[in-house]
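> Before anything else, here's the structure in question.
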Amino acid sequence: MKLIKEKKAYIKEYQGLSIFKFMSAAEIMYIVEQSDLTLYSDSEKIVEQDDIAQNILVIVKGSVQVNVEQEGKEVYICSIAEGEIFGEAGMFLRVKRTANIISLEESVILSIPRSALMGFIRDNLQSGNKFLLVIIHSLLKKLRSANRELAFEKACETQIGELDNILEQLSTA
C-alpha cells in the first residue's frame, strides 16, 4: 500500500468514472483533494471485513475481489472492475464492512470520506444530488444482483427437494 501524493495526475481517469460523470474538473478535484488515493499491489487487502469506516471507495485503476469469511474460510463473492465503487453503505450508516476486498492486480483506489461528500453535497446541491443518484444506482444494481442470486438459490433448493422426493419414492418402492 502506497499513498499517492500527486492526485492531479489521474484527472483523466477521474473524469471517466461514472461517479464523477456529471461533475466539472473543479468539482472532482474538490472531492479528490479531501480523499486518499492509494496504490495497492496484487493480492493486497484493501478492506477488512468487520472494520467500521465511513468512506466510499472508487476503483480508479485495476480490479478487486470480494470475499467473506464464513466458518474460518474465505468465500468468493464477486469481482469489481475499474470504474466501479464499493463501500457505499459507509456513506449512510456507521456499520461494519461486510466483506474483505483484495486487489486482483496493481490497483489505484480513491477513498472518499463521508465528511468530504457531505461538505460537497451541502455546497454543490445540483452536482451533489447527481452524485447521490449515482451511489443509489450502484446500490440498486447490487440489490438486484443479490435478489437474482437468492431467487436462483431458492430454485435450486426446490429442485433438490424434488430430487429428495424422487429418491424417497425409489427407496420405498
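Ordering of the C-alpha cells sets the chain letters (A, B, ...); residue numbers start at 1 within each chain; ligands are numbered from 1 in the order shown.
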Could you pull out the alpha helix (DSSP H) residues of chain A, going by DSSP on the backbone, and write them as a PyMOL selection string?

chain A and resi 11-15+25-33+89-92+114-123+125-172

> Report as a ChimeraX atom specification all protein, DNA and RNA residues lying within 12 Å of stretch 65-68 of chain A, evaluated on only C-alpha atoms, omitting residues in the same chain fewer than 2 positions from it.

/A:42-50,59,62-63,70-82,86-87,97-105,107

> So that I can check the surroundings of stretch 7-13 of chain A, please list as a list of chain:residue names every protein, DNA and RNA residue that reaches within 9 Å of it, counting only C-alpha atoms and ignoring chain neighbours fewer than 3 positions away.

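That gives A:Ile4, A:Gly16, A:Leu17, A:Ala25, A:Ile28, A:Met29, A:Val32, A:Glu33, A:Asp36, A:Leu37, A:Val60, A:Lys61, A:Gly83.
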
> For the selection just defined, write its residues with N, CA and C atoms to a file, as an mmCIF file, in the first residue's frame.


data_model
loop_
_atom_site.group_PDB
_atom_site.id
_atom_site.type_symbol
_atom_site.label_atom_id
_atom_site.label_comp_id
_atom_site.auth_asym_id
_atom_site.auth_seq_id
_atom_site.Cartn_x
_atom_site.Cartn_y
_atom_site.Cartn_z
ATOM 1 N N ILE A 4 -0.622 7.872 -2.752
ATOM 2 C CA ILE A 4 -0.213 8.653 -3.915
ATOM 3 C C ILE A 4 -0.432 10.129 -3.596
ATOM 4 N N GLY A 16 -13.402 9.877 -16.328
ATOM 5 C CA GLY A 16 -14.012 8.730 -16.972
ATOM 6 C C GLY A 16 -14.825 7.847 -16.029
ATOM 7 N N LEU A 17 -14.804 8.152 -14.738
ATOM 8 C CA LEU A 17 -15.518 7.337 -13.752
ATOM 9 C C LEU A 17 -16.986 7.725 -13.669
ATOM 10 N N ALA A 25 -14.339 19.421 -13.698
ATOM 11 C CA ALA A 25 -12.996 19.066 -13.212
ATOM 12 C C ALA A 25 -12.740 19.694 -11.847
ATOM 13 N N ILE A 28 -14.632 17.692 -9.214
ATOM 14 C CA ILE A 28 -13.950 16.415 -8.991
ATOM 15 C C ILE A 28 -12.742 16.627 -8.086
ATOM 16 N N MET A 29 -11.934 17.625 -8.402
ATOM 17 C CA MET A 29 -10.726 17.866 -7.618
ATOM 18 C C MET A 29 -11.055 18.313 -6.198
ATOM 19 N N VAL A 32 -11.496 14.964 -4.606
ATOM 20 C CA VAL A 32 -10.245 14.200 -4.641
ATOM 21 C C VAL A 32 -9.230 14.757 -3.645
ATOM 22 N N GLU A 33 -9.119 16.059 -3.557
ATOM 23 C CA GLU A 33 -8.137 16.675 -2.656
ATOM 24 C C GLU A 33 -8.422 16.354 -1.192
ATOM 25 N N ASP A 36 -8.160 10.110 0.019
ATOM 26 C CA ASP A 36 -6.879 9.406 -0.097
ATOM 27 C C ASP A 36 -6.850 8.637 -1.403
ATOM 28 N N LEU A 37 -5.757 8.750 -2.114
ATOM 29 C CA LEU A 37 -5.529 7.979 -3.330
ATOM 30 C C LEU A 37 -4.392 7.020 -3.022
ATOM 31 N N VAL A 60 -10.074 3.446 -9.381
ATOM 32 C CA VAL A 60 -9.600 4.340 -10.436
ATOM 33 C C VAL A 60 -8.879 3.529 -11.514
ATOM 34 N N LYS A 61 -8.082 2.564 -11.086
ATOM 35 C CA LYS A 61 -7.379 1.652 -11.999
ATOM 36 C C LYS A 61 -7.316 0.290 -11.332
ATOM 37 N N GLY A 83 -13.476 1.510 -12.349
ATOM 38 C CA GLY A 83 -14.563 2.469 -12.521
ATOM 39 C C GLY A 83 -15.730 2.251 -11.582
#

> Please identify the strand (DSSP E or B) residues within stretch 60-163 of chain A (assignment by DSSP from backbone atoms) and present them as a ChimeraX atom specification.

/A:60-61,64-70,73-80,85-86,96,100-103,107-113

> Using the selection just defined, write its residues with N, CA and C atoms as a PDB file, in the first residue's frame.


ATOM      1  N   VAL A  60     -10.074   3.446  -9.381  1.00  0.00           N
ATOM      2  CA  VAL A  60      -9.600   4.340 -10.436  1.00  0.00           C
ATOM      3  C   VAL A  60      -8.879   3.529 -11.514  1.00  0.00           C
ATOM      4  N   LYS A  61      -8.082   2.564 -11.086  1.00  0.00           N
ATOM      5  CA  LYS A  61      -7.379   1.652 -11.999  1.00  0.00           C
ATOM      6  C   LYS A  61      -7.316   0.290 -11.332  1.00  0.00           C
ATOM      7  N   VAL A  64     -10.723  -5.572  -8.167  1.00  0.00           N
ATOM      8  CA  VAL A  64     -10.659  -6.156  -6.831  1.00  0.00           C
ATOM      9  C   VAL A  64     -11.576  -7.360  -6.732  1.00  0.00           C
ATOM     10  N   GLN A  65     -11.345  -8.154  -5.695  1.00  0.00           N
ATOM     11  CA  GLN A  65     -12.158  -9.327  -5.425  1.00  0.00           C
ATOM     12  C   GLN A  65     -12.822  -9.148  -4.068  1.00  0.00           C
ATOM     13  N   VAL A  66     -14.075  -9.579  -3.975  1.00  0.00           N
ATOM     14  CA  VAL A  66     -14.848  -9.507  -2.740  1.00  0.00           C
ATOM     15  C   VAL A  66     -14.960 -10.914  -2.159  1.00  0.00           C
ATOM     16  N   ASN A  67     -14.517 -11.074  -0.914  1.00  0.00           N
ATOM     17  CA  ASN A  67     -14.602 -12.352  -0.199  1.00  0.00           C
ATOM     18  C   ASN A  67     -15.236 -12.112   1.157  1.00  0.00           C
ATOM     19  N   VAL A  68     -15.923 -13.112   1.676  1.00  0.00           N
ATOM     20  CA  VAL A  68     -16.412 -13.047   3.053  1.00  0.00           C
ATOM     21  C   VAL A  68     -15.838 -14.225   3.824  1.00  0.00           C
ATOM     22  N   GLU A  69     -15.616 -13.998   5.094  1.00  0.00           N
ATOM     23  CA  GLU A  69     -15.145 -15.074   5.960  1.00  0.00           C
ATOM     24  C   GLU A  69     -16.357 -15.773   6.550  1.00  0.00           C
ATOM     25  N   GLN A  70     -16.440 -17.074   6.316  1.00  0.00           N
ATOM     26  CA  GLN A  70     -17.504 -17.897   6.870  1.00  0.00           C
ATOM     27  C   GLN A  70     -16.883 -19.159   7.424  1.00  0.00           C
ATOM     28  N   LYS A  73     -13.251 -19.765   6.712  1.00  0.00           N
ATOM     29  CA  LYS A  73     -12.802 -19.876   5.323  1.00  0.00           C
ATOM     30  C   LYS A  73     -13.190 -18.628   4.541  1.00  0.00           C
ATOM     31  N   GLU A  74     -12.355 -18.292   3.559  1.00  0.00           N
ATOM     32  CA  GLU A  74     -12.652 -17.182   2.659  1.00  0.00           C
ATOM     33  C   GLU A  74     -13.566 -17.695   1.546  1.00  0.00           C
ATOM     34  N   VAL A  75     -14.718 -17.078   1.372  1.00  0.00           N
ATOM     35  CA  VAL A  75     -15.667 -17.469   0.335  1.00  0.00           C
ATOM     36  C   VAL A  75     -15.734 -16.347  -0.697  1.00  0.00           C
ATOM     37  N   TYR A  76     -15.467 -16.693  -1.949  1.00  0.00           N
ATOM     38  CA  TYR A  76     -15.508 -15.723  -3.046  1.00  0.00           C
ATOM     39  C   TYR A  76     -16.945 -15.282  -3.291  1.00  0.00           C
ATOM     40  N   ILE A  77     -17.145 -13.962  -3.412  1.00  0.00           N
ATOM     41  CA  ILE A  77     -18.466 -13.412  -3.718  1.00  0.00           C
ATOM     42  C   ILE A  77     -18.517 -12.889  -5.151  1.00  0.00           C
ATOM     43  N   CYS A  78     -17.591 -11.986  -5.487  1.00  0.00           N
ATOM     44  CA  CYS A  78     -17.581 -11.421  -6.840  1.00  0.00           C
ATOM     45  C   CYS A  78     -16.298 -10.631  -7.064  1.00  0.00           C
ATOM     46  N   SER A  79     -16.144 -10.157  -8.282  1.00  0.00           N
ATOM     47  CA  SER A  79     -15.056  -9.242  -8.629  1.00  0.00           C
ATOM     48  C   SER A  79     -15.675  -7.902  -9.001  1.00  0.00           C
ATOM     49  N   ILE A  80     -14.937  -6.842  -8.751  1.00  0.00           N
ATOM     50  CA  ILE A  80     -15.406  -5.495  -9.086  1.00  0.00           C
ATOM     51  C   ILE A  80     -14.350  -4.867  -9.993  1.00  0.00           C
ATOM     52  N   ILE A  85     -17.638   1.396  -7.805  1.00  0.00           N
ATOM     53  CA  ILE A  85     -17.494   1.848  -6.425  1.00  0.00           C
ATOM     54  C   ILE A  85     -17.909   0.729  -5.478  1.00  0.00           C
ATOM     55  N   PHE A  86     -17.401   0.797  -4.257  1.00  0.00           N
ATOM     56  CA  PHE A  86     -17.818  -0.139  -3.216  1.00  0.00           C
ATOM     57  C   PHE A  86     -17.709   0.561  -1.866  1.00  0.00           C
ATOM     58  N   LYS A  96     -20.347  -2.097  10.185  1.00  0.00           N
ATOM     59  CA  LYS A  96     -19.173  -2.913   9.885  1.00  0.00           C
ATOM     60  C   LYS A  96     -19.144  -3.258   8.404  1.00  0.00           C
ATOM     61  N   ASN A 100     -14.219  -8.762   2.891  1.00  0.00           N
ATOM     62  CA  ASN A 100     -12.829  -8.402   2.625  1.00  0.00           C
ATOM     63  C   ASN A 100     -12.738  -8.021   1.159  1.00  0.00           C
ATOM     64  N   ILE A 101     -11.967  -6.987   0.876  1.00  0.00           N
ATOM     65  CA  ILE A 101     -11.731  -6.574  -0.507  1.00  0.00           C
ATOM     66  C   ILE A 101     -10.234  -6.696  -0.759  1.00  0.00           C
ATOM     67  N   ILE A 102      -9.879  -7.434  -1.801  1.00  0.00           N
ATOM     68  CA  ILE A 102      -8.479  -7.718  -2.111  1.00  0.00           C
ATOM     69  C   ILE A 102      -8.210  -7.340  -3.561  1.00  0.00           C
ATOM     70  N   SER A 103      -7.088  -6.671  -3.799  1.00  0.00           N
ATOM     71  CA  SER A 103      -6.757  -6.283  -5.177  1.00  0.00           C
ATOM     72  C   SER A 103      -6.403  -7.523  -5.995  1.00  0.00           C
ATOM     73  N   SER A 107      -3.664  -1.885  -8.230  1.00  0.00           N
ATOM     74  CA  SER A 107      -4.899  -1.097  -8.312  1.00  0.00           C
ATOM     75  C   SER A 107      -4.741   0.246  -7.612  1.00  0.00           C
ATOM     76  N   VAL A 108      -5.363   1.250  -8.194  1.00  0.00           N
ATOM     77  CA  VAL A 108      -5.388   2.588  -7.596  1.00  0.00           C
ATOM     78  C   VAL A 108      -6.803   2.825  -7.088  1.00  0.00           C
ATOM     79  N   ILE A 109      -6.916   3.087  -5.781  1.00  0.00           N
ATOM     80  CA  ILE A 109      -8.214   3.229  -5.128  1.00  0.00           C
ATOM     81  C   ILE A 109      -8.325   4.613  -4.509  1.00  0.00           C
ATOM     82  N   LEU A 110      -9.438   5.280  -4.799  1.00  0.00           N
ATOM     83  CA  LEU A 110      -9.737   6.575  -4.192  1.00  0.00           C
ATOM     84  C   LEU A 110     -10.704   6.333  -3.039  1.00  0.00           C
ATOM     85  N   SER A 111     -10.306   6.731  -1.842  1.00  0.00           N
ATOM     86  CA  SER A 111     -11.137   6.572  -0.652  1.00  0.00           C
ATOM     87  C   SER A 111     -11.701   7.945  -0.276  1.00  0.00           C
ATOM     88  N   ILE A 112     -13.007   8.092  -0.479  1.00  0.00           N
ATOM     89  CA  ILE A 112     -13.670   9.380  -0.251  1.00  0.00           C
ATOM     90  C   ILE A 112     -14.353   9.346   1.110  1.00  0.00           C
ATOM     91  N   PRO A 113     -13.904  10.179   2.056  1.00  0.00           N
ATOM     92  CA  PRO A 113     -14.540  10.175   3.377  1.00  0.00           C
ATOM     93  C   PRO A 113     -15.936  10.791   3.346  1.00  0.00           C
TER      94      PRO A 113
END

> Would you please work out which residue, of A:Met91, A:Glu27, A:Gln169, A:Val58, is nearest to A:Leu132 when using only C-alpha atoms?

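Among the listed residues, the smallest separation from A:Leu132 belongs to A:Met91.
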
> Considering only C-alpha atoms, return as a compact mmCIF listing (two decimals) with C-alpha atoms, in the first residue's frame whatever protein or nucleic-acid residues lie within 9 Å of A:Lys2, sequence-local ones (same chain, fewer than 5 positions apart) excluded.


# COMPACT_ATOMS: atom_id res chain seq x y z
CA LEU A 37 -5.53 7.98 -3.33
CA THR A 38 -3.71 4.71 -2.71
CA LEU A 39 -1.81 2.23 -4.87
CA TYR A 40 -2.31 -1.40 -3.83
CA SER A 41 -0.20 -4.26 -5.11

> For a test of reading the model, state the distance in Å between atom CA of A:Gln34 and atom CA of A:Ser138, rounded to one decimal.

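Between these atoms lies a distance of 22.2 Å.
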
> Find, counting only C-alpha atoms, the residue in A:Phe20, A:Leu150, A:Ser35, A:Leu3 that gets nearest to A:Ser115.

A:Ser35

> One decimal, Å: what's the distance from atom CA of A:Glu84 over to atom CA of A:Gly119, could you say?

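A separation of 22.3 Å between them.
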